[in-house]
>>> print(open('protein-v3.cif').read())   # mmCIF, C-alpha atoms and all ligand atoms
data_data
loop_
_atom_site.label_atom_id
_atom_site.label_comp_id
_atom_site.auth_asym_id
_atom_site.auth_seq_id
_atom_site.Cartn_x
_atom_site.Cartn_y
_atom_site.Cartn_z
CA MET G 1 26.20 1.19 11.17
CA PRO G 2 26.43 3.24 7.95
CA THR G 3 28.30 6.53 8.10
CA TYR G 4 26.81 9.74 6.83
CA SER G 5 28.24 13.10 5.96
CA TRP G 6 26.67 15.87 8.01
CA ASP G 7 24.04 16.72 5.37
CA GLU G 8 23.08 13.16 4.76
CA HIS G 9 22.76 12.60 8.46
CA GLU G 10 20.48 15.60 8.82
CA LEU G 11 18.40 14.29 5.96
CA TYR G 12 18.24 10.90 7.62
CA VAL G 13 17.08 12.48 10.89
CA LEU G 14 14.49 14.53 9.04
CA LEU G 15 13.18 11.46 7.26
CA GLU G 16 12.91 9.61 10.55
CA LYS G 17 11.10 12.58 12.04
CA PHE G 18 8.79 12.72 9.05
CA ASP G 19 7.99 9.03 9.44
CA GLN G 20 7.33 9.53 13.14
CA GLU G 21 5.04 12.48 12.39
CA ARG G 22 3.18 10.39 9.87
CA ASN G 23 2.74 7.66 12.46
CA ASN G 24 1.59 10.22 15.00
CA VAL G 25 -1.05 11.47 12.58
CA ARG G 26 -2.08 7.88 11.85
CA ASN G 27 -2.43 7.26 15.58
CA ILE G 28 -4.51 10.39 16.08
CA ILE G 29 -6.80 9.34 13.23
CA ARG G 30 -7.19 5.86 14.70
CA PHE G 31 -7.90 7.32 18.12
CA MET G 32 -10.52 9.72 16.79
CA GLN G 33 -12.22 7.02 14.75
CA GLY G 34 -12.25 4.71 17.78
CA THR G 35 -13.89 7.27 20.05
CA ASP G 36 -16.78 8.03 17.70
CA GLU G 37 -18.73 5.16 19.20
CA ILE G 38 -22.07 5.85 17.55
CA SER G 39 -20.63 5.75 14.04
CA ASN G 40 -18.80 2.50 14.69
CA MET G 41 -21.68 0.60 16.23
CA LEU G 42 -23.17 -2.13 14.10
CA ILE G 43 -26.40 -3.51 15.50
CA ALA G 44 -27.67 -6.64 13.82
CA GLU G 45 -30.66 -8.50 15.22
CA SER G 46 -32.42 -9.57 12.04
CA GLN G 47 -31.40 -12.89 10.55
CA SER G 48 -30.24 -11.29 7.30
CA MET G 49 -27.91 -8.93 9.15
CA LYS G 50 -26.57 -11.65 11.42
CA THR G 51 -25.71 -13.71 8.37
CA LEU G 52 -24.05 -10.71 6.74
CA LEU G 53 -22.06 -10.03 9.88
CA GLU G 54 -20.73 -13.58 9.92
CA TYR G 55 -19.83 -13.31 6.26
CA SER G 56 -18.05 -9.99 6.90
CA GLU G 57 -16.00 -11.49 9.70
CA HIS G 58 -15.10 -14.35 7.45
CA ILE G 59 -13.89 -12.14 4.59
CA ALA G 60 -12.12 -9.73 6.97
CA ALA G 61 -9.41 -12.33 7.39
CA VAL G 62 -8.26 -12.17 3.77
CA ASP G 63 -6.89 -9.18 1.89
CA SER G 64 -9.11 -9.36 -1.18
CA THR G 65 -11.01 -6.35 -2.42
CA VAL G 66 -14.54 -5.99 -1.08
CA ILE G 67 -17.47 -4.21 -2.68
CA ILE G 68 -20.42 -3.17 -0.54
CA TYR G 69 -23.76 -2.48 -2.21
CA GLY G 70 -26.74 -0.92 -0.49
CA GLU G 71 -29.17 1.97 -0.50
CA SER G 72 -28.15 5.32 0.91
CA GLY G 73 -27.92 5.29 4.70
CA SER G 74 -28.21 1.50 4.98
CA GLY G 75 -24.85 1.10 6.74
CA LYS G 76 -22.26 0.51 4.02
CA GLU G 77 -19.60 2.53 5.80
CA VAL G 78 -20.39 0.83 9.09
CA PHE G 79 -19.77 -2.53 7.41
CA ALA G 80 -16.55 -1.27 5.84
CA LYS G 81 -15.28 -0.21 9.28
CA TYR G 82 -16.38 -3.52 10.75
CA ILE G 83 -14.45 -5.50 8.14
CA HIS G 84 -11.38 -3.35 8.78
CA ALA G 85 -11.75 -3.74 12.55
CA LYS G 86 -11.95 -7.52 12.23
CA SER G 87 -9.00 -7.75 9.85
CA ASN G 88 -5.35 -8.05 10.73
CA ARG G 89 -5.03 -4.40 9.64
CA ALA G 90 -7.18 -3.30 12.58
CA ASN G 91 -4.27 -1.51 14.24
CA GLN G 92 -3.56 0.47 11.10
CA VAL G 93 -5.52 3.36 9.60
CA PHE G 94 -8.91 3.20 7.90
CA ILE G 95 -8.99 5.99 5.34
CA PRO G 96 -12.34 6.87 3.73
CA ILE G 97 -12.23 8.62 0.36
CA ASN G 98 -15.51 9.90 -1.02
CA CYS G 99 -15.24 9.63 -4.80
CA ALA G 100 -18.23 11.94 -5.33
CA SER G 101 -17.04 14.80 -3.17
CA LEU G 102 -14.34 16.28 -5.41
CA PRO G 103 -13.85 17.11 -9.08
CA ALA G 104 -11.59 14.64 -10.93
CA SER G 105 -8.33 16.61 -10.69
CA LEU G 106 -8.65 17.29 -6.96
CA LEU G 107 -9.67 13.73 -6.26
CA GLU G 108 -6.65 12.48 -8.15
CA ALA G 109 -4.36 14.77 -6.13
CA GLU G 110 -5.95 13.55 -2.88
CA MET G 111 -5.59 9.91 -3.87
CA PHE G 112 -2.05 9.96 -5.24
CA GLY G 113 -0.49 13.10 -3.81
CA TYR G 114 1.66 15.48 -5.83
CA GLU G 115 5.19 16.76 -6.06
CA LYS G 116 6.29 20.23 -5.15
CA GLY G 117 5.04 22.81 -7.64
CA THR G 118 2.96 20.38 -9.70
CA PHE G 119 -0.46 21.21 -8.60
CA THR G 120 -1.85 24.70 -9.15
CA GLY G 121 -3.36 25.99 -5.97
CA GLY G 122 -1.88 23.08 -4.03
CA ASN G 123 0.52 23.00 -1.14
CA LYS G 124 3.82 24.49 -2.34
CA ASP G 125 5.80 21.68 -0.75
CA GLY G 126 3.77 18.93 -2.40
CA LYS G 127 1.54 16.51 -0.61
CA ILE G 128 1.38 12.86 0.32
CA GLY G 129 -1.56 10.98 -1.25
CA LEU G 130 -4.11 9.10 0.80
CA PHE G 131 -3.13 5.75 -0.73
CA GLU G 132 0.45 6.35 0.31
CA PHE G 133 -0.59 7.50 3.76
CA ALA G 134 -2.83 4.47 4.25
CA ASP G 135 0.07 2.06 3.76
CA LYS G 136 -0.66 -1.22 5.64
CA GLY G 137 -4.18 -0.03 6.38
CA THR G 138 -7.52 0.03 4.56
CA VAL G 139 -8.78 2.52 1.99
CA PHE G 140 -12.55 2.86 1.83
CA LEU G 141 -13.64 4.15 -1.58
CA ASP G 142 -17.11 5.45 -0.95
CA GLU G 143 -19.46 6.12 -3.89
CA ILE G 144 -17.08 4.37 -6.25
CA GLY G 145 -19.69 4.63 -9.01
CA GLU G 146 -18.99 8.37 -9.16
CA MET G 147 -15.28 7.95 -9.81
CA PRO G 148 -14.35 9.63 -13.12
CA LEU G 149 -13.37 7.16 -15.89
CA GLU G 150 -9.80 8.42 -16.21
CA LEU G 151 -9.21 7.81 -12.50
CA GLN G 152 -10.74 4.35 -12.69
CA ALA G 153 -7.80 3.23 -14.85
CA LYS G 154 -5.31 4.55 -12.28
CA LEU G 155 -7.18 2.87 -9.47
CA LEU G 156 -7.07 -0.41 -11.32
CA ARG G 157 -3.30 -0.09 -11.57
CA ILE G 158 -2.93 0.43 -7.82
CA ILE G 159 -5.13 -2.55 -7.08
CA GLU G 160 -3.17 -4.76 -9.44
CA THR G 161 0.36 -3.62 -8.67
CA GLY G 162 0.21 -1.83 -5.32
CA GLU G 163 2.19 0.96 -7.00
CA ILE G 164 1.51 4.68 -6.90
CA LYS G 165 3.11 7.64 -8.62
CA ARG G 166 2.57 11.08 -7.15
CA LEU G 167 1.41 13.63 -9.72
CA GLY G 168 4.44 15.23 -11.31
CA SER G 169 6.76 12.39 -10.34
CA ASN G 170 7.98 9.25 -12.02
CA GLN G 171 9.08 7.66 -8.81
CA ILE G 172 7.17 4.52 -7.99
CA ILE G 173 5.98 4.23 -4.42
CA LYS G 174 4.79 0.91 -3.06
CA SER G 175 1.77 0.95 -0.82
CA ASP G 176 0.13 -2.03 0.77
CA VAL G 177 -3.55 -1.16 1.13
CA ARG G 178 -6.68 -3.20 1.29
CA ILE G 179 -9.50 -1.72 -0.73
CA ILE G 180 -13.10 -1.72 0.31
CA ALA G 181 -15.43 0.08 -2.10
CA ALA G 182 -19.09 0.98 -1.72
CA THR G 183 -21.87 2.24 -3.91
CA ASN G 184 -25.62 2.62 -4.12
CA ARG G 185 -25.43 2.46 -7.92
CA ASP G 186 -25.89 -0.56 -10.16
CA LEU G 187 -22.27 -0.91 -11.33
CA LEU G 188 -23.07 -3.62 -13.84
CA GLU G 189 -25.60 -1.34 -15.48
CA MET G 190 -22.93 1.38 -15.52
CA VAL G 191 -20.56 -1.06 -17.22
CA ARG G 192 -23.20 -1.63 -19.89
CA GLU G 193 -23.59 2.12 -20.28
CA LYS G 194 -19.79 2.41 -20.47
CA THR G 195 -19.60 4.82 -17.55
CA PHE G 196 -17.76 2.27 -15.40
CA ARG G 197 -14.79 0.23 -16.60
CA ALA G 198 -15.56 -3.47 -16.97
CA ASP G 199 -12.04 -4.51 -15.90
CA LEU G 200 -12.31 -2.46 -12.69
CA TYR G 201 -15.79 -3.82 -12.05
CA TYR G 202 -14.56 -7.42 -12.19
CA ARG G 203 -11.50 -6.56 -10.13
CA LEU G 204 -13.68 -4.99 -7.42
CA ASN G 205 -16.45 -7.53 -7.49
CA VAL G 206 -14.42 -10.22 -5.74
CA LEU G 207 -16.15 -10.29 -2.36
CA VAL G 208 -19.62 -8.80 -2.35
CA VAL G 209 -21.55 -7.51 0.67
CA ASN G 210 -25.17 -6.54 -0.01
CA VAL G 211 -26.54 -4.49 2.87
CA PRO G 212 -30.34 -4.88 2.88
CA PRO G 213 -32.56 -1.80 3.17
CA LEU G 214 -33.97 -1.21 6.67
CA ARG G 215 -37.58 -1.83 5.54
CA SER G 216 -36.68 -5.43 4.70
CA ARG G 217 -35.30 -6.10 8.21
CA VAL G 218 -38.00 -4.83 10.51
CA ASP G 219 -36.49 -6.79 13.42
CA ASP G 220 -33.60 -4.31 13.47
CA ILE G 221 -35.74 -1.19 13.89
CA PHE G 222 -36.44 -1.59 17.61
CA PRO G 223 -32.90 -2.54 18.70
CA ILE G 224 -31.27 0.16 16.58
CA SER G 225 -33.75 2.79 17.80
CA SER G 226 -33.12 1.73 21.41
CA TYR G 227 -29.41 2.11 20.87
CA PHE G 228 -29.91 5.62 19.46
CA VAL G 229 -32.25 6.54 22.35
CA GLN G 230 -29.61 5.41 24.83
CA THR G 231 -26.90 7.34 22.99
CA PHE G 232 -28.89 10.58 22.77
CA ASN G 233 -30.04 10.26 26.39
CA LYS G 234 -26.37 10.18 27.32
CA LYS G 235 -25.47 13.00 24.95
CA TYR G 236 -28.25 15.38 26.04
CA GLY G 237 -28.67 14.25 29.65
CA PHE G 238 -32.23 12.99 29.00
CA THR G 239 -34.06 9.96 30.37
CA LYS G 240 -36.47 9.63 27.43
CA ARG G 241 -37.96 6.55 25.83
CA LEU G 242 -40.15 5.68 22.87
CA SER G 243 -43.69 4.42 23.42
CA SER G 244 -44.58 0.97 22.11
CA ASP G 245 -47.14 2.50 19.75
CA LEU G 246 -44.49 4.74 18.32
CA ILE G 247 -42.23 1.71 17.79
CA SER G 248 -45.11 -0.06 15.94
CA VAL G 249 -45.51 2.94 13.65
CA MET G 250 -41.76 3.08 13.09
CA GLU G 251 -41.74 -0.61 12.26
CA SER G 252 -44.33 -0.13 9.57
CA TYR G 253 -42.65 2.87 7.95
CA SER G 254 -40.55 2.33 4.82
CA TRP G 255 -37.44 4.34 5.86
CA PRO G 256 -36.30 5.46 2.40
CA GLY G 257 -33.25 7.05 4.06
CA ASN G 258 -32.61 3.82 5.99
CA VAL G 259 -30.65 3.85 9.28
CA ARG G 260 -29.46 7.42 8.77
CA GLU G 261 -33.08 8.58 8.58
CA LEU G 262 -33.91 6.49 11.66
CA ARG G 263 -31.06 8.05 13.59
CA ASN G 264 -32.05 11.59 12.59
CA THR G 265 -35.71 10.92 13.35
CA VAL G 266 -34.96 9.54 16.81
CA GLU G 267 -32.70 12.48 17.61
CA ARG G 268 -35.23 15.03 16.35
CA MET G 269 -38.11 13.44 18.29
CA MET G 270 -36.03 13.30 21.46
CA VAL G 271 -34.90 16.90 21.20
CA GLU G 272 -38.31 18.29 20.22
CA SER G 273 -40.50 16.37 22.63
CA ASN G 274 -41.10 17.72 26.12
CA ASN G 275 -42.33 14.35 27.37
CA THR G 276 -40.26 11.57 28.83
CA LEU G 277 -42.34 9.03 26.97
CA ILE G 278 -42.27 9.94 23.29
CA GLY G 279 -45.46 9.02 21.53
CA VAL G 280 -46.74 8.54 18.01
CA ASN G 281 -47.51 12.18 17.35
CA SER G 282 -43.83 13.06 17.60
CA PHE G 283 -43.12 10.80 14.69
CA ARG G 284 -43.92 13.14 11.86
CA LYS G 285 -46.08 16.19 11.77
CA GLY G 286 -48.80 15.86 9.12
CA ASP G 287 -49.23 12.10 9.54
CA THR G 288 -47.77 11.31 6.15
CA VAL G 289 -46.22 8.13 7.47
CA ILE G 290 -48.53 5.57 6.00
CA VAL G 291 -49.14 7.52 2.79
CA GLU G 292 -45.40 7.72 2.25
CA ARG G 293 -44.95 3.98 2.19
CA SER G 294 -43.56 2.71 -1.08
CA THR G 295 -43.91 -0.99 -0.23
CA PRO G 296 -46.76 -2.83 1.49
CA PRO G 297 -46.29 -3.36 5.24
CA THR G 298 -44.72 -6.63 6.28
CA SER G 299 -44.30 -8.39 9.60
CA SER G 300 -40.91 -8.90 11.23
CA ASP G 301 -40.27 -12.07 9.22
CA GLY G 302 -40.90 -10.24 5.96
CA GLU G 303 -44.37 -11.71 5.33
CA LEU G 304 -46.96 -9.37 3.86
CA LEU G 305 -49.40 -8.30 6.59
CA SER G 306 -53.04 -9.25 6.08
CA TYR G 307 -55.38 -6.38 5.15
CA GLN G 308 -57.03 -6.72 8.57
CA LYS G 309 -53.69 -6.50 10.44
CA ALA G 310 -52.40 -3.59 8.34
CA MET G 311 -55.64 -1.66 8.95
CA GLU G 312 -55.42 -2.37 12.67
CA ASN G 313 -51.86 -1.02 12.75
CA TYR G 314 -52.96 2.10 10.95
CA GLU G 315 -56.00 2.54 13.20
CA ARG G 316 -53.83 2.13 16.28
CA SER G 317 -51.27 4.71 15.19
CA TYR G 318 -54.00 7.15 14.08
CA ILE G 319 -55.86 6.90 17.39
CA CYS G 320 -52.69 7.08 19.50
CA SER G 321 -51.57 10.11 17.58
CA VAL G 322 -54.85 11.98 18.11
CA MET G 323 -54.98 10.89 21.76
CA GLU G 324 -51.51 12.29 22.32
CA SER G 325 -52.34 15.55 20.61
CA CYS G 326 -55.27 15.86 23.06
CA GLY G 327 -53.07 15.11 26.06
CA GLY G 328 -54.80 11.77 26.61
CA ASN G 329 -58.26 13.34 26.95
CA ILE G 330 -60.65 10.78 25.48
CA ARG G 331 -63.62 13.10 25.16
CA SER G 332 -61.78 15.72 23.12
CA ALA G 333 -60.01 13.01 21.08
CA ALA G 334 -63.40 11.49 20.20
CA ARG G 335 -64.65 14.92 19.22
CA LYS G 336 -61.62 15.52 17.02
CA MET G 337 -62.08 12.16 15.31
CA GLU G 338 -65.82 12.75 14.98
CA LEU G 339 -66.49 9.48 16.79
CA HIS G 340 -68.96 8.80 19.56
CA ILE G 341 -67.06 8.46 22.84
CA SER G 342 -68.40 4.93 23.44
CA THR G 343 -67.17 3.88 19.97
CA LEU G 344 -63.73 5.24 20.83
CA TYR G 345 -63.72 3.30 24.12
CA ARG G 346 -64.57 0.10 22.24
CA LYS G 347 -61.80 0.72 19.74
CA LEU G 348 -59.26 1.45 22.46
CA GLU G 349 -60.16 -1.81 24.10
CA LYS G 350 -60.08 -3.80 20.88
CA LEU G 351 -56.71 -2.40 19.84
CA GLY G 352 -55.24 -2.86 23.32
CA ILE G 353 -54.44 0.84 23.74
CA GLN G 354 -54.02 1.79 27.37
CA ILE G 355 -56.44 4.40 28.59
CA PRO G 356 -54.76 7.18 30.58
CA GLN G 357 -55.68 6.65 34.26
CA THR G 358 -55.32 10.04 35.70
CA THR G 359 -57.73 12.76 34.79
CA GLU G 360 -61.34 13.36 35.60
CA GLU G 361 -61.78 15.04 32.27
CA ASN G 362 -61.53 11.61 30.66
CA THR G 363 -64.81 10.56 32.07
N1 LIG I 401 -26.62 -1.60 11.85
C1 LIG I 401 -26.41 -0.38 12.35
N2 LIG I 401 -26.34 -0.20 13.68
C2 LIG I 401 -26.14 1.04 14.19
N3 LIG I 401 -25.98 2.15 13.45
C3 LIG I 401 -26.03 2.03 12.12
C4 LIG I 401 -26.24 0.76 11.50
N4 LIG I 401 -26.26 0.93 10.16
C5 LIG I 401 -26.07 2.25 9.95
N5 LIG I 401 -25.91 2.92 11.11
C6 LIG I 401 -25.76 4.38 11.26
O1 LIG I 401 -26.55 4.98 10.23
C7 LIG I 401 -25.88 6.06 9.61
C8 LIG I 401 -25.69 5.76 8.12
O2 LIG I 401 -24.80 4.65 7.97
P1 LIG I 401 -23.65 4.63 6.85
O3 LIG I 401 -22.97 5.97 6.77
O4 LIG I 401 -22.79 3.45 7.10
O5 LIG I 401 -24.56 4.42 5.56
P2 LIG I 401 -24.14 4.35 4.03
O6 LIG I 401 -24.78 3.16 3.47
O7 LIG I 401 -22.65 4.46 3.93
O8 LIG I 401 -24.83 5.66 3.46
P3 LIG I 401 -24.48 6.52 2.12
O9 LIG I 401 -24.83 5.67 0.96
O10 LIG I 401 -25.38 7.70 2.23
O11 LIG I 401 -23.03 6.86 2.20
C9 LIG I 401 -24.57 6.23 10.37
O12 LIG I 401 -24.78 7.18 11.37
C10 LIG I 401 -24.34 4.87 10.99
O13 LIG I 401 -23.58 4.98 12.17
MG MG I 402 -21.51 6.03 3.12
#
>>> encode(input="protein-v3.cif", output="structure tokens", more="lines below")
Ligand SMILES: Nc1ncnc2c1ncn2[C@@H]1O[C@H](COP(=O)(O)OP(=O)(O)OP(=O)(O)O)[C@@H](O)[C@H]1O
Ligand SMILES: [Mg+2]
Amino acid sequence: MPTYSWDEHELYVLLEKFDQERNNVRNIIRFMQGTDEISNMLIAESQSMKTLLEYSEHIAAVDSTVIIYGESGSGKEVFAKYIHAKSNRANQVFIPINCASLPASLLEAEMFGYEKGTFTGGNKDGKIGLFEFADKGTVFLDEIGEMPLELQAKLLRIIETGEIKRLGSNQIIKSDVRIIAATNRDLLEMVREKTFRADLYYRLNVLVVNVPPLRSRVDDIFPISSYFVQTFNKKYGFTKRLSSDLISVMESYSWPGNVRELRNTVERMMVESNNTLIGVNSFRKGDTVIVERSTPPTSSDGELLSYQKAMENYERSYICSVMESCGGNIRSAARKMELHISTLYRKLEKLGIQIPQTTEENT
């Protein structure tokens, strides 16, 4: 047992306390991240996502750097958390750093920390950097394409050496972090344009996860929507569900904002609708759904739909939407659509749309 003079001993106790505090904070962060169930859930029913999930589990086991590509809202962060959760760092912290959220100098201070008095406007006692804090855990560098060039060089050094220097200090601190980066930018193109360092690009591009856009995995739309419905039912005390026609319309929409847009849409429809069964007309006011499509509609296996099938889908969603807006009254729906009522009946039958049973007014 080493002996300490009184001052040294106090310092030793303080350091221990500091380490404990840091662990407490780490534990709180892990607890909070674990309880946010909806943000951690990764639903994968389509074949492409199942394959990606298997690959992610496989690469979770090693410590190599991972880069996740994908459109905005496609689930890059969800995959990053999944890889962390399946790795042997799962009991340590997962620290997300958004490289686009701060100007270069602030981002640098967040990443590396700074010594007392170094950083104008900063904490007067200095601050621990996120890389140092994340020791033994995972750092998720979101929107890595937005990282300023001068910081890219420093990041490369951490990846290669595991060494950090706080701003204003020459002391080298070792930190053992696994890096997962993500971007919706074409990094290779940025390398060509010299806005992204080639050496960092090759260092990051070791294990690559490409998250497909939602429109190319139609089989995921129903299960993910159902999960969101269940979650929001619990959150708001509802017992709502989506009609099958609404699901068909959702499956043929292009979801430019991907799963985030799907989540927001489901929540908005559930909150706004007064009905337990949410129908097509809740989907989007103004019926811009089909017009908004940027790619032709495909079936669940990615095959282009025939003209006939695509038109049928459109006809079905159009009719359902008008029917809903008329409270299921066939006569007034026919009037609105400027169709003869018998033509509407034929169409309903042909498209397999259920005719509301209840009212006399329907006759
Ligand atoms: N497969 C999935 N199953 C369930 N929820 C998902 C899935 N993919 C994404 N989400 C949810 O969709 C939202 C967007 O996902 P995420 O934040 O991971 O996207 P992102 O690709 O990181 O987006 P951005 O590029 O805008 O940062 C989150 O609320 C997330 O929980
Ligand atoms: Mg993200």
>>> residues_near_ligand(input="protein-v3.cif", ligand="ligand LIG 401 (chain I)", cutoff="9 Å", atoms="all atoms listed in the file", output="ChimeraX atom specification")
/G:37-45,49,68-81,98,142-143,182-184,211,214,220,223-225,227-228,257-264
>>> closest_residue(input="protein-v3.cif", among="G:Val191, G:Val66, G:Ala153, G:Ile341", to="Val209 of chain G", atoms="only C-alpha atoms")
G:Val66
>>> closest_residue(input="protein-v3.cif", among="G:Ala85, G:Leu167, G:Ala198, G:Leu52", to="Leu106 of chain G", atoms="all atoms listed in the file")
G:Leu167
>>> atom_distance(input="protein-v3.cif", atom1="atom CA of Phe283 of chain G", atom2="atom CA of Gln308 of chain G")
23.2 Å
>>> atom_distance(input="protein-v3.cif", atom1="atom CA of Ser321 of chain G", atom2="atom CA of Val280 of chain G")
5.1 Å
>>> closest_residue(input="protein-v3.cif", among="G:Ile97, G:Ala61, G:Met190, G:Ile83", to="ligand MG 402 (chain I)", atoms="only C-alpha atoms and all ligand atoms")
G:Ile97
>>> closest_residue(input="protein-v3.cif", among="G:Phe140, G:Tyr202, G:Tyr307, G:Phe238", to="ligand MG 402 (chain I)", atoms="all atoms listed in the file")
G:Phe140
>>> closest_residue(input="protein-v3.cif", among="G:Lys194, G:Lys154, G:Arg89, G:Arg215", to="Leu107 of chain G", atoms="only C-alpha atoms")
G:Lys154
>>> atom_distance(input="protein-v3.cif", atom1="atom CA of Leu149 of chain G", atom2="atom CA of Gly168 of chain G")
20.1 Å
